[in-house]
file final39.cif (mmCIF, C-alpha atoms and all ligand atoms; chains and numbers go by the auth columns)
data_work
#
loop_
_atom_site.group_PDB
_atom_site.id
_atom_site.type_symbol
_atom_site.label_atom_id
_atom_site.label_comp_id
_atom_site.label_asym_id
_atom_site.label_seq_id
_atom_site.Cartn_x
_atom_site.Cartn_y
_atom_site.Cartn_z
_atom_site.B_iso_or_equiv
_atom_site.auth_seq_id
_atom_site.auth_asym_id
ATOM 1 C CA MET A 1 -5.748 -29.322 -15.560 0.00 1 A
ATOM 2 C CA THR A 2 -5.572 -27.085 -12.467 0.00 2 A
ATOM 3 C CA LEU A 3 -2.337 -25.219 -11.903 0.00 3 A
ATOM 4 C CA THR A 4 -3.161 -23.946 -8.436 0.00 4 A
ATOM 5 C CA ASP A 5 -1.985 -25.738 -5.350 0.00 5 A
ATOM 6 C CA THR A 6 -4.583 -25.177 -2.632 0.00 6 A
ATOM 7 C CA TYR A 7 -4.812 -26.303 1.002 0.00 7 A
ATOM 8 C CA LYS A 8 -7.062 -29.089 -0.234 0.00 8 A
ATOM 9 C CA HIS A 9 -4.334 -30.363 -2.600 0.00 9 A
ATOM 10 C CA LYS A 10 -1.695 -30.048 0.125 0.00 10 A
ATOM 11 C CA GLY A 11 -3.955 -32.009 2.470 0.00 11 A
ATOM 12 C CA LEU A 12 -4.427 -34.751 -0.111 0.00 12 A
ATOM 13 C CA ARG A 13 -0.651 -34.902 -0.545 0.00 13 A
ATOM 14 C CA LYS A 14 -0.125 -35.249 3.216 0.00 14 A
ATOM 15 C CA ALA A 15 -2.542 -38.199 3.186 0.00 15 A
ATOM 16 C CA LEU A 16 -0.601 -39.746 0.282 0.00 16 A
ATOM 17 C CA ILE A 17 2.646 -39.359 2.241 0.00 17 A
ATOM 18 C CA LYS A 18 1.040 -41.175 5.170 0.00 18 A
ATOM 19 C CA THR A 19 -0.030 -44.013 2.830 0.00 19 A
ATOM 20 C CA ILE A 20 3.424 -44.513 1.329 0.00 20 A
ATOM 21 C CA MET A 21 5.052 -44.306 4.783 0.00 21 A
ATOM 22 C CA GLU A 22 2.730 -47.115 5.911 0.00 22 A
ATOM 23 C CA LYS A 23 3.995 -49.120 2.925 0.00 23 A
ATOM 24 C CA GLY A 24 7.603 -48.665 4.085 0.00 24 A
ATOM 25 C CA ILE A 25 8.971 -45.453 2.563 0.00 25 A
ATOM 26 C CA SER A 26 10.996 -43.688 5.249 0.00 26 A
ATOM 27 C CA GLN A 27 13.738 -41.444 3.808 0.00 27 A
ATOM 28 C CA PRO A 28 12.819 -37.856 4.793 0.00 28 A
ATOM 29 C CA ALA A 29 14.309 -36.345 1.608 0.00 29 A
ATOM 30 C CA VAL A 30 12.170 -38.636 -0.579 0.00 30 A
ATOM 31 C CA LEU A 31 9.007 -37.946 1.430 0.00 31 A
ATOM 32 C CA ASP A 32 9.741 -34.196 1.277 0.00 32 A
ATOM 33 C CA ALA A 33 10.165 -34.297 -2.497 0.00 33 A
ATOM 34 C CA ILE A 34 6.889 -36.222 -2.996 0.00 34 A
ATOM 35 C CA ASN A 35 5.249 -33.690 -0.687 0.00 35 A
ATOM 36 C CA LYS A 36 6.519 -30.806 -2.818 0.00 36 A
ATOM 37 C CA VAL A 37 5.532 -31.960 -6.329 0.00 37 A
ATOM 38 C CA PRO A 38 1.882 -31.111 -7.072 0.00 38 A
ATOM 39 C CA ARG A 39 0.875 -34.436 -8.652 0.00 39 A
ATOM 40 C CA HIS A 40 -2.544 -33.061 -9.614 0.00 40 A
ATOM 41 C CA PHE A 41 -0.791 -30.767 -12.145 0.00 41 A
ATOM 42 C CA PHE A 42 -0.296 -33.938 -14.200 0.00 42 A
ATOM 43 C CA PHE A 43 -4.027 -34.750 -14.255 0.00 43 A
ATOM 44 C CA ASP A 44 -7.141 -33.301 -15.807 0.00 44 A
ATOM 45 C CA ALA A 45 -9.200 -31.501 -13.111 0.00 45 A
ATOM 46 C CA ALA A 46 -11.945 -34.124 -13.508 0.00 46 A
ATOM 47 C CA PHE A 47 -9.498 -36.776 -12.244 0.00 47 A
ATOM 48 C CA LEU A 48 -8.402 -34.984 -9.060 0.00 48 A
ATOM 49 C CA GLN A 49 -9.330 -37.934 -6.843 0.00 49 A
ATOM 50 C CA HIS A 50 -6.931 -40.105 -8.873 0.00 50 A
ATOM 51 C CA ALA A 51 -4.019 -37.661 -8.559 0.00 51 A
ATOM 52 C CA TYR A 52 -3.457 -38.445 -4.884 0.00 52 A
ATOM 53 C CA ALA A 53 -4.477 -42.085 -4.892 0.00 53 A
ATOM 54 C CA ASP A 54 -1.503 -44.418 -4.613 0.00 54 A
ATOM 55 C CA LYS A 55 -1.877 -45.875 -8.085 0.00 55 A
ATOM 56 C CA ALA A 56 -0.585 -45.572 -11.631 0.00 56 A
ATOM 57 C CA PHE A 57 -2.775 -43.688 -14.108 0.00 57 A
ATOM 58 C CA PRO A 58 -2.968 -43.579 -17.933 0.00 58 A
ATOM 59 C CA ILE A 59 -1.199 -40.618 -19.600 0.00 59 A
ATOM 60 C CA GLY A 60 -2.030 -41.525 -23.222 0.00 60 A
ATOM 61 C CA GLN A 61 -0.064 -43.489 -25.861 0.00 61 A
ATOM 62 C CA GLY A 62 -0.673 -46.628 -23.766 0.00 62 A
ATOM 63 C CA GLN A 63 1.692 -45.322 -21.038 0.00 63 A
ATOM 64 C CA THR A 64 1.244 -44.463 -17.360 0.00 64 A
ATOM 65 C CA ILE A 65 2.359 -42.041 -14.674 0.00 65 A
ATOM 66 C CA SER A 66 3.915 -44.429 -12.138 0.00 66 A
ATOM 67 C CA GLN A 67 2.299 -45.172 -8.780 0.00 67 A
ATOM 68 C CA PRO A 68 3.627 -42.770 -6.076 0.00 68 A
ATOM 69 C CA TYR A 69 4.836 -45.703 -3.939 0.00 69 A
ATOM 70 C CA THR A 70 6.829 -47.023 -6.908 0.00 70 A
ATOM 71 C CA VAL A 71 8.335 -43.581 -7.589 0.00 71 A
ATOM 72 C CA ALA A 72 9.276 -43.260 -3.911 0.00 72 A
ATOM 73 C CA PHE A 73 10.675 -46.824 -3.766 0.00 73 A
ATOM 74 C CA GLN A 74 12.923 -46.363 -6.806 0.00 74 A
ATOM 75 C CA THR A 75 14.007 -42.906 -5.599 0.00 75 A
ATOM 76 C CA GLU A 76 14.964 -44.277 -2.157 0.00 76 A
ATOM 77 C CA LYS A 77 17.010 -47.045 -3.748 0.00 77 A
ATOM 78 C CA LEU A 78 18.924 -44.467 -5.839 0.00 78 A
ATOM 79 C CA GLU A 79 20.314 -42.802 -2.663 0.00 79 A
ATOM 80 C CA ILE A 80 20.155 -39.378 -4.325 0.00 80 A
ATOM 81 C CA LYS A 81 22.542 -36.681 -3.132 0.00 81 A
ATOM 82 C CA PRO A 82 22.186 -33.025 -4.187 0.00 82 A
ATOM 83 C CA GLY A 83 24.188 -32.466 -7.373 0.00 83 A
ATOM 84 C CA ASP A 84 23.963 -36.096 -8.554 0.00 84 A
ATOM 85 C CA LYS A 85 23.835 -36.439 -12.331 0.00 85 A
ATOM 86 C CA VAL A 86 20.899 -38.778 -12.928 0.00 86 A
ATOM 87 C CA LEU A 87 19.719 -40.459 -16.126 0.00 87 A
ATOM 88 C CA GLU A 88 16.024 -41.381 -16.185 0.00 88 A
ATOM 89 C CA ILE A 89 14.939 -43.794 -18.908 0.00 89 A
ATOM 90 C CA GLY A 90 11.216 -43.290 -19.633 0.00 90 A
ATOM 91 C CA THR A 91 10.268 -39.617 -19.139 0.00 91 A
ATOM 92 C CA GLY A 92 6.523 -40.306 -19.482 0.00 92 A
ATOM 93 C CA SER A 93 4.593 -37.566 -17.653 0.00 93 A
ATOM 94 C CA GLY A 94 7.763 -36.137 -16.102 0.00 94 A
ATOM 95 C CA TYR A 95 6.551 -36.712 -12.524 0.00 95 A
ATOM 96 C CA GLN A 96 9.507 -38.884 -11.496 0.00 96 A
ATOM 97 C CA ALA A 97 11.899 -36.322 -13.004 0.00 97 A
ATOM 98 C CA CYS A 98 10.280 -33.592 -10.848 0.00 98 A
ATOM 99 C CA VAL A 99 10.766 -35.681 -7.695 0.00 99 A
ATOM 100 C CA LEU A 100 14.462 -36.133 -8.558 0.00 100 A
ATOM 101 C CA LEU A 101 14.838 -32.405 -9.288 0.00 101 A
ATOM 102 C CA GLU A 102 13.258 -31.555 -5.918 0.00 102 A
ATOM 103 C CA MET A 103 16.021 -33.663 -4.344 0.00 103 A
ATOM 104 C CA GLY A 104 18.667 -31.508 -6.007 0.00 104 A
ATOM 105 C CA ALA A 105 19.607 -33.903 -8.811 0.00 105 A
ATOM 106 C CA ASN A 106 20.705 -32.779 -12.265 0.00 106 A
ATOM 107 C CA VAL A 107 18.303 -34.841 -14.375 0.00 107 A
ATOM 108 C CA TYR A 108 18.761 -36.172 -17.914 0.00 108 A
ATOM 109 C CA THR A 109 15.580 -37.853 -19.073 0.00 109 A
ATOM 110 C CA ILE A 110 14.934 -39.779 -22.285 0.00 110 A
ATOM 111 C CA GLU A 111 11.593 -40.766 -23.836 0.00 111 A
ATOM 112 C CA TYR A 112 10.901 -43.117 -26.759 0.00 112 A
ATOM 113 C CA ILE A 113 7.463 -41.824 -27.799 0.00 113 A
ATOM 114 C CA GLU A 114 7.658 -38.495 -29.595 0.00 114 A
ATOM 115 C CA GLU A 115 4.181 -37.235 -28.517 0.00 115 A
ATOM 116 C CA LEU A 116 5.033 -37.767 -24.830 0.00 116 A
ATOM 117 C CA TYR A 117 8.478 -36.230 -25.247 0.00 117 A
ATOM 118 C CA GLN A 118 6.964 -33.097 -26.881 0.00 118 A
ATOM 119 C CA GLN A 119 4.147 -32.833 -24.351 0.00 119 A
ATOM 120 C CA THR A 120 6.367 -33.202 -21.270 0.00 120 A
ATOM 121 C CA ARG A 121 9.190 -31.051 -22.638 0.00 121 A
ATOM 122 C CA LYS A 122 6.720 -28.175 -23.018 0.00 122 A
ATOM 123 C CA PHE A 123 4.795 -28.767 -19.795 0.00 123 A
ATOM 124 C CA LEU A 124 7.472 -29.257 -17.123 0.00 124 A
ATOM 125 C CA PRO A 125 9.145 -25.828 -17.486 0.00 125 A
ATOM 126 C CA LYS A 126 5.676 -24.242 -17.157 0.00 126 A
ATOM 127 C CA ILE A 127 5.404 -25.671 -13.643 0.00 127 A
ATOM 128 C CA GLY A 128 9.000 -24.785 -12.793 0.00 128 A
ATOM 129 C CA TYR A 129 10.915 -28.028 -13.480 0.00 129 A
ATOM 130 C CA LYS A 130 13.821 -28.127 -15.913 0.00 130 A
ATOM 131 C CA PRO A 131 15.457 -31.471 -16.583 0.00 131 A
ATOM 132 C CA HIS A 132 17.426 -32.053 -19.804 0.00 132 A
ATOM 133 C CA PHE A 133 15.016 -33.727 -22.264 0.00 133 A
ATOM 134 C CA PHE A 134 15.965 -36.250 -24.932 0.00 134 A
ATOM 135 C CA LEU A 135 13.956 -38.166 -27.524 0.00 135 A
ATOM 136 C CA GLY A 136 15.140 -41.643 -28.447 0.00 136 A
ATOM 137 C CA ASP A 137 15.754 -45.223 -27.436 0.00 137 A
ATOM 138 C CA GLY A 138 17.038 -45.152 -23.856 0.00 138 A
ATOM 139 C CA SER A 139 17.347 -48.941 -23.635 0.00 139 A
ATOM 140 C CA LYS A 140 21.055 -48.435 -24.353 0.00 140 A
ATOM 141 C CA GLY A 141 21.260 -45.388 -22.087 0.00 141 A
ATOM 142 C CA LEU A 142 22.362 -41.961 -23.281 0.00 142 A
ATOM 143 C CA PRO A 143 26.072 -42.393 -24.054 0.00 143 A
ATOM 144 C CA THR A 144 26.575 -38.823 -25.318 0.00 144 A
ATOM 145 C CA HIS A 145 26.130 -37.441 -21.781 0.00 145 A
ATOM 146 C CA ALA A 146 27.610 -40.330 -19.754 0.00 146 A
ATOM 147 C CA PRO A 147 28.876 -41.039 -17.147 0.00 147 A
ATOM 148 C CA TYR A 148 26.089 -40.714 -14.562 0.00 148 A
ATOM 149 C CA ASP A 149 26.035 -40.971 -10.777 0.00 149 A
ATOM 150 C CA LYS A 150 22.664 -42.713 -10.922 0.00 150 A
ATOM 151 C CA ILE A 151 20.462 -44.343 -13.587 0.00 151 A
ATOM 152 C CA ILE A 152 16.776 -45.126 -13.102 0.00 152 A
ATOM 153 C CA VAL A 153 14.717 -47.155 -15.565 0.00 153 A
ATOM 154 C CA THR A 154 10.960 -46.611 -15.317 0.00 154 A
ATOM 155 C CA ALA A 155 9.796 -49.333 -17.744 0.00 155 A
ATOM 156 C CA GLY A 156 10.020 -53.126 -17.389 0.00 156 A
ATOM 157 C CA CYS A 157 13.184 -54.654 -18.912 0.00 157 A
ATOM 158 C CA PRO A 158 13.832 -58.213 -20.121 0.00 158 A
ATOM 159 C CA SER A 159 17.383 -58.041 -18.693 0.00 159 A
ATOM 160 C CA VAL A 160 19.970 -55.513 -17.506 0.00 160 A
ATOM 161 C CA PRO A 161 21.537 -53.788 -20.544 0.00 161 A
ATOM 162 C CA SER A 162 25.328 -53.807 -20.089 0.00 162 A
ATOM 163 C CA GLU A 163 25.438 -50.311 -21.651 0.00 163 A
ATOM 164 C CA LEU A 164 23.752 -48.926 -18.536 0.00 164 A
ATOM 165 C CA ILE A 165 26.456 -50.346 -16.267 0.00 165 A
ATOM 166 C CA ASP A 166 29.106 -48.951 -18.612 0.00 166 A
ATOM 167 C CA GLN A 167 27.527 -45.477 -18.353 0.00 167 A
ATOM 168 C CA LEU A 168 27.673 -45.417 -14.530 0.00 168 A
ATOM 169 C CA LYS A 169 30.528 -43.688 -12.723 0.00 169 A
ATOM 170 C CA PRO A 170 32.483 -45.843 -10.261 0.00 170 A
ATOM 171 C CA GLY A 171 30.363 -45.699 -7.095 0.00 171 A
ATOM 172 C CA GLY A 172 27.238 -45.198 -9.246 0.00 172 A
ATOM 173 C CA ILE A 173 23.846 -46.866 -8.792 0.00 173 A
ATOM 174 C CA LEU A 174 21.398 -48.360 -11.310 0.00 174 A
ATOM 175 C CA VAL A 175 17.785 -49.085 -10.290 0.00 175 A
ATOM 176 C CA ILE A 176 15.918 -51.148 -12.866 0.00 176 A
ATOM 177 C CA PRO A 177 12.804 -53.370 -12.930 0.00 177 A
ATOM 178 C CA VAL A 178 13.624 -56.687 -14.630 0.00 178 A
ATOM 179 C CA GLY A 179 11.215 -59.468 -15.522 0.00 179 A
ATOM 180 C CA ASP A 180 8.490 -60.428 -17.994 0.00 180 A
ATOM 181 C CA ASN A 181 5.553 -58.381 -19.254 0.00 181 A
ATOM 182 C CA GLU A 182 3.445 -59.201 -16.160 0.00 182 A
ATOM 183 C CA ARG A 183 5.781 -58.351 -13.318 0.00 183 A
ATOM 184 C CA GLN A 184 9.344 -57.303 -12.722 0.00 184 A
ATOM 185 C CA LYS A 185 11.702 -57.579 -9.794 0.00 185 A
ATOM 186 C CA MET A 186 13.315 -54.307 -8.709 0.00 186 A
ATOM 187 C CA ILE A 187 17.067 -54.680 -9.039 0.00 187 A
ATOM 188 C CA ARG A 188 19.744 -52.354 -7.697 0.00 188 A
ATOM 189 C CA ILE A 189 23.261 -52.565 -9.049 0.00 189 A
ATOM 190 C CA LYS A 190 26.037 -50.631 -7.361 0.00 190 A
ATOM 191 C CA LYS A 191 29.173 -50.184 -9.447 0.00 191 A
ATOM 192 C CA ILE A 192 31.774 -50.437 -6.707 0.00 192 A
ATOM 193 C CA ASP A 193 34.554 -49.858 -9.244 0.00 193 A
ATOM 194 C CA ASN A 194 35.201 -50.745 -12.887 0.00 194 A
ATOM 195 C CA LYS A 195 35.621 -54.441 -12.019 0.00 195 A
ATOM 196 C CA LYS A 196 33.214 -55.021 -9.152 0.00 196 A
ATOM 197 C CA LEU A 197 29.402 -54.831 -9.017 0.00 197 A
ATOM 198 C CA LYS A 198 27.039 -55.370 -6.093 0.00 198 A
ATOM 199 C CA LYS A 199 23.570 -56.621 -7.052 0.00 199 A
ATOM 200 C CA GLU A 200 20.527 -56.496 -4.773 0.00 200 A
ATOM 201 C CA GLU A 201 16.984 -57.735 -5.457 0.00 201 A
ATOM 202 C CA PHE A 202 13.808 -56.268 -3.998 0.00 202 A
ATOM 203 C CA ASP A 203 10.024 -56.665 -4.442 0.00 203 A
ATOM 204 C CA TYR A 204 8.022 -57.254 -7.607 0.00 204 A
ATOM 205 C CA PHE A 205 6.402 -54.330 -9.456 0.00 205 A
ATOM 206 C CA SER A 206 4.379 -53.996 -12.632 0.00 206 A
ATOM 207 C CA PHE A 207 5.640 -51.553 -15.272 0.00 207 A
ATOM 208 C CA VAL A 208 4.779 -50.955 -18.910 0.00 208 A
ATOM 209 C CA PRO A 209 7.357 -52.700 -21.103 0.00 209 A
ATOM 210 C CA LEU A 210 10.637 -51.050 -22.090 0.00 210 A
ATOM 211 C CA LYS A 211 10.787 -50.680 -25.857 0.00 211 A
ATOM 212 C CA GLY A 212 13.828 -50.347 -28.093 0.00 212 A
ATOM 213 C CA GLU A 213 16.851 -52.396 -28.969 0.00 213 A
ATOM 214 C CA LYS A 214 17.438 -53.793 -25.455 0.00 214 A
ATOM 215 C CA GLY A 215 13.716 -53.785 -24.598 0.00 215 A
ATOM 216 C CA TRP A 216 10.770 -55.883 -25.723 0.00 216 A
ATOM 217 C CA SER A 217 10.032 -54.385 -29.143 0.00 217 A
ATOM 218 C CA LEU A 218 11.185 -51.683 -31.524 0.00 218 A
HETATM 219 N N1 LIG B . 8.771 -41.934 -15.262 0.00 1 B
HETATM 220 C C1 LIG B . 7.442 -41.760 -15.808 0.00 1 B
HETATM 221 C C2 LIG B . 6.607 -40.776 -15.048 0.00 1 B
HETATM 222 O O1 LIG B . 7.079 -40.261 -14.037 0.00 1 B
HETATM 223 O O2 LIG B . 5.508 -40.496 -15.515 0.00 1 B
HETATM 224 C C3 LIG B . 6.674 -43.059 -15.913 0.00 1 B
HETATM 225 C C4 LIG B . 6.990 -43.686 -17.116 0.00 1 B
HETATM 226 S S1 LIG B . 6.020 -44.926 -17.837 0.00 1 B
HETATM 227 C C5 LIG B . 5.741 -46.086 -16.556 0.00 1 B
HETATM 228 C C6 LIG B . 7.319 -45.623 -18.823 0.00 1 B
HETATM 229 C C7 LIG B . 7.811 -44.701 -19.920 0.00 1 B
HETATM 230 O O3 LIG B . 8.945 -45.307 -20.544 0.00 1 B
HETATM 231 C C8 LIG B . 6.792 -44.470 -21.029 0.00 1 B
HETATM 232 O O4 LIG B . 6.606 -43.104 -21.225 0.00 1 B
HETATM 233 C C9 LIG B . 7.440 -45.135 -22.242 0.00 1 B
HETATM 234 O O5 LIG B . 7.107 -44.530 -23.475 0.00 1 B
HETATM 235 C C10 LIG B . 8.922 -44.980 -21.918 0.00 1 B
HETATM 236 N N2 LIG B . 9.814 -45.900 -22.624 0.00 1 B
HETATM 237 C C11 LIG B . 9.610 -47.196 -22.964 0.00 1 B
HETATM 238 N N3 LIG B . 10.677 -47.674 -23.600 0.00 1 B
HETATM 239 C C12 LIG B . 11.592 -46.677 -23.670 0.00 1 B
HETATM 240 C C13 LIG B . 12.909 -46.561 -24.232 0.00 1 B
HETATM 241 N N4 LIG B . 13.509 -47.585 -24.844 0.00 1 B
HETATM 242 N N5 LIG B . 13.544 -45.378 -24.120 0.00 1 B
HETATM 243 C C14 LIG B . 12.955 -44.314 -23.501 0.00 1 B
HETATM 244 N N6 LIG B . 11.715 -44.368 -22.973 0.00 1 B
HETATM 245 C C15 LIG B . 11.047 -45.532 -23.049 0.00 1 B
#
call {"tool": "encode", "arguments": {"input": "final39.cif", "output": "structure tokens", "more": "lines below"}}
Ligand code: SAM
result
Amino acid sequence: MTLTDTYKHKGLRKALIKTIMEKGISQPAVLDAINKVPRHFFFDAAFLQHAYADKAFPIGQGQTISQPYTVAFQTEKLEIKPGDKVLEIGTGSGYQACVLLEMGANVYTIEYIEELYQQTRKFLPKIGYKPHFFLGDGSKGLPTHAPYDKIIVTAGCPSVPSELIDQLKPGGILVIPVGDNERQKMIRIKKIDNKKLKKEEFDYFSFVPLKGEKGWSL
């Protein structure tokens, strides 16, 4: 792992930004955040060429760091404002959490696999990012710290857990991939108020499965 951010890395990041813009990402704040987080910090030096390719990559324990386009897409749909309290379900490498932090969010992130939780909890502060870390089953959210302005799920879900809607503030937004183990449709639910929801459906993506009580397996 290289913890220096050289002109070469910055150049590779600029090229990545161009790629995701060509795929439709346009919000300046999201592009800025992706441009600021050194994605190669999350990779072994031998895999530098993968760090700035627009693809997911294995991080161990059968899990992945999400594709930059996917991270940008979900982040755009969250409509992040500085100061938003955001719950991320599926900490993984911590990359998505860093992007949200760069946008000024106050991030609560929960991970199911203890090894990944320990690894990321130790690593992120070393590179200057400090979300609130939790270990456990996030398929039912994180009720102890609710309500949230925004909730993002970064693993594929069989359906939308009602607990996540309950843990949103009125006016809050949930972005969640829902489908089978092959592909999932990105869904955005806006909680207009305690009685009214607005649901929107976007493209298909391919995530690792959500585990836990409201996921695919315990
Ligand atoms: N957001 C991550 C990143 O930036 O690297 C990508 C996450 S990876 C695609 C999905 C993550 O969700 C995995 O680390 C997996 O262990 C975690 N996960 C799966 N089910 C979960 C659950 N019920 N609660 C919390 N985390 C879960």
call {"tool": "resolve_selection", "arguments": {"input": "final39.cif", "expression": "the PyMOL selection byres (((chain A and resi 111) around 9) and not hetatm)", "output": "tab-separated table (two decimals) with C-alpha atoms, in the coordinates of the input"}}
result
chain	number	residue	atom	x	y	z
A	88	GLU	CA	16.02	-41.38	-16.18
A	89	ILE	CA	14.94	-43.79	-18.91
A	90	GLY	CA	11.22	-43.29	-19.63
A	91	THR	CA	10.27	-39.62	-19.14
A	92	GLY	CA	6.52	-40.31	-19.48
A	109	THR	CA	15.58	-37.85	-19.07
A	110	ILE	CA	14.93	-39.78	-22.28
A	112	TYR	CA	10.90	-43.12	-26.76
A	113	ILE	CA	7.46	-41.82	-27.80
A	114	GLU	CA	7.66	-38.49	-29.60
A	116	LEU	CA	5.03	-37.77	-24.83
A	117	TYR	CA	8.48	-36.23	-25.25
A	133	PHE	CA	15.02	-33.73	-22.26
A	134	PHE	CA	15.96	-36.25	-24.93
A	135	LEU	CA	13.96	-38.17	-27.52
A	136	GLY	CA	15.14	-41.64	-28.45
A	137	ASP	CA	15.75	-45.22	-27.44
A	138	GLY	CA	17.04	-45.15	-23.86
call {"tool": "resolve_selection", "arguments": {"input": "final39.cif", "expression": "the PyMOL selection byres (((chain A and resi 51) around 12) and not hetatm)", "output": "PyMOL selection string"}}
result
chain A and resi 1-2+9-10+12-13+15-16+37-50+52-59+65-68+95
call {"tool": "closest_residue", "arguments": {"input": "final39.cif", "among": "A:Asp32, A:Glu201, A:Glu79, A:Glu213", "to": "ligand LIG 1 (chain B)", "atoms": "all atoms listed in the file"}}
result
A:Glu213
call {"tool": "atom_distance", "arguments": {"input": "final39.cif", "atom1": "atom CA of Lys185 of chain A", "atom2": "atom CA of Val153 of chain A"}}
result
12.3 Å
call {"tool": "closest_residue", "arguments": {"input": "final39.cif", "among": "A:Lys199, A:Lys8, A:Arg183, A:Lys140", "to": "ligand LIG 1 (chain B)", "atoms": "all atoms listed in the file"}}
result
A:Lys140
call {"tool": "closest_residue", "arguments": {"input": "final39.cif", "among": "A:Phe202, A:Phe207, A:Tyr69, A:Tyr148", "to": "Glu182 of chain A", "atoms": "all atoms listed in the file"}}
result
A:Phe207
call {"tool": "residues_around", "arguments": {"input": "final39.cif", "residues": "segment 159-166 of chain A", "least_positions_apart": "6", "cutoff": "8 Å", "atoms": "all atoms listed in the file", "output": "count of residues only"}}
result
10
call {"tool": "closest_residue", "arguments": {"input": "final39.cif", "among": "A:Glu200, A:Asp193, A:Asp84, A:Glu115", "to": "ligand LIG 1 (chain B)", "atoms": "all atoms listed in the file"}}
result
A:Glu115
call {"tool": "axis_aligned_box", "arguments": {"input": "final39.cif", "around": "ligand LIG 1 (chain B)", "padding_each_side": "3 Å", "output": "JSON"}}
result
{"center_x": 9.5, "center_y": -44.0, "center_z": -19.4, "size_x": 14.0, "size_y": 13.4, "size_z": 16.8}
call {"tool": "closest_residue", "arguments": {"input": "final39.cif", "among": "A:Thr4, A:Leu100, A:Thr70, A:Met21", "to": "Ala33 of chain A", "atoms": "only C-alpha atoms"}}
result
A:Leu100
call {"tool": "residues_near_point", "arguments": {"input": "final39.cif", "point": "(36.7, -48.2, -16.1)", "cutoff": "10 Å", "atoms": "all atoms listed in the file", "output": "ChimeraX atom specification"}}
result
/A:166-170,193-195
call {"tool": "closest_residue", "arguments": {"input": "final39.cif", "among": "A:Ala146, A:Ala155, A:Ala29, A:Val175", "to": "ligand LIG 1 (chain B)", "atoms": "only C-alpha atoms and all ligand atoms"}}
result
A:Ala155
call {"tool": "residues_near_point", "arguments": {"input": "final39.cif", "point": "(7.5, -46.9, 6.8)", "cutoff": "12 Å", "atoms": "all atoms listed in the file", "output": "PyMOL selection string"}}
result
chain A and resi 17-28+31+69+72-73+76
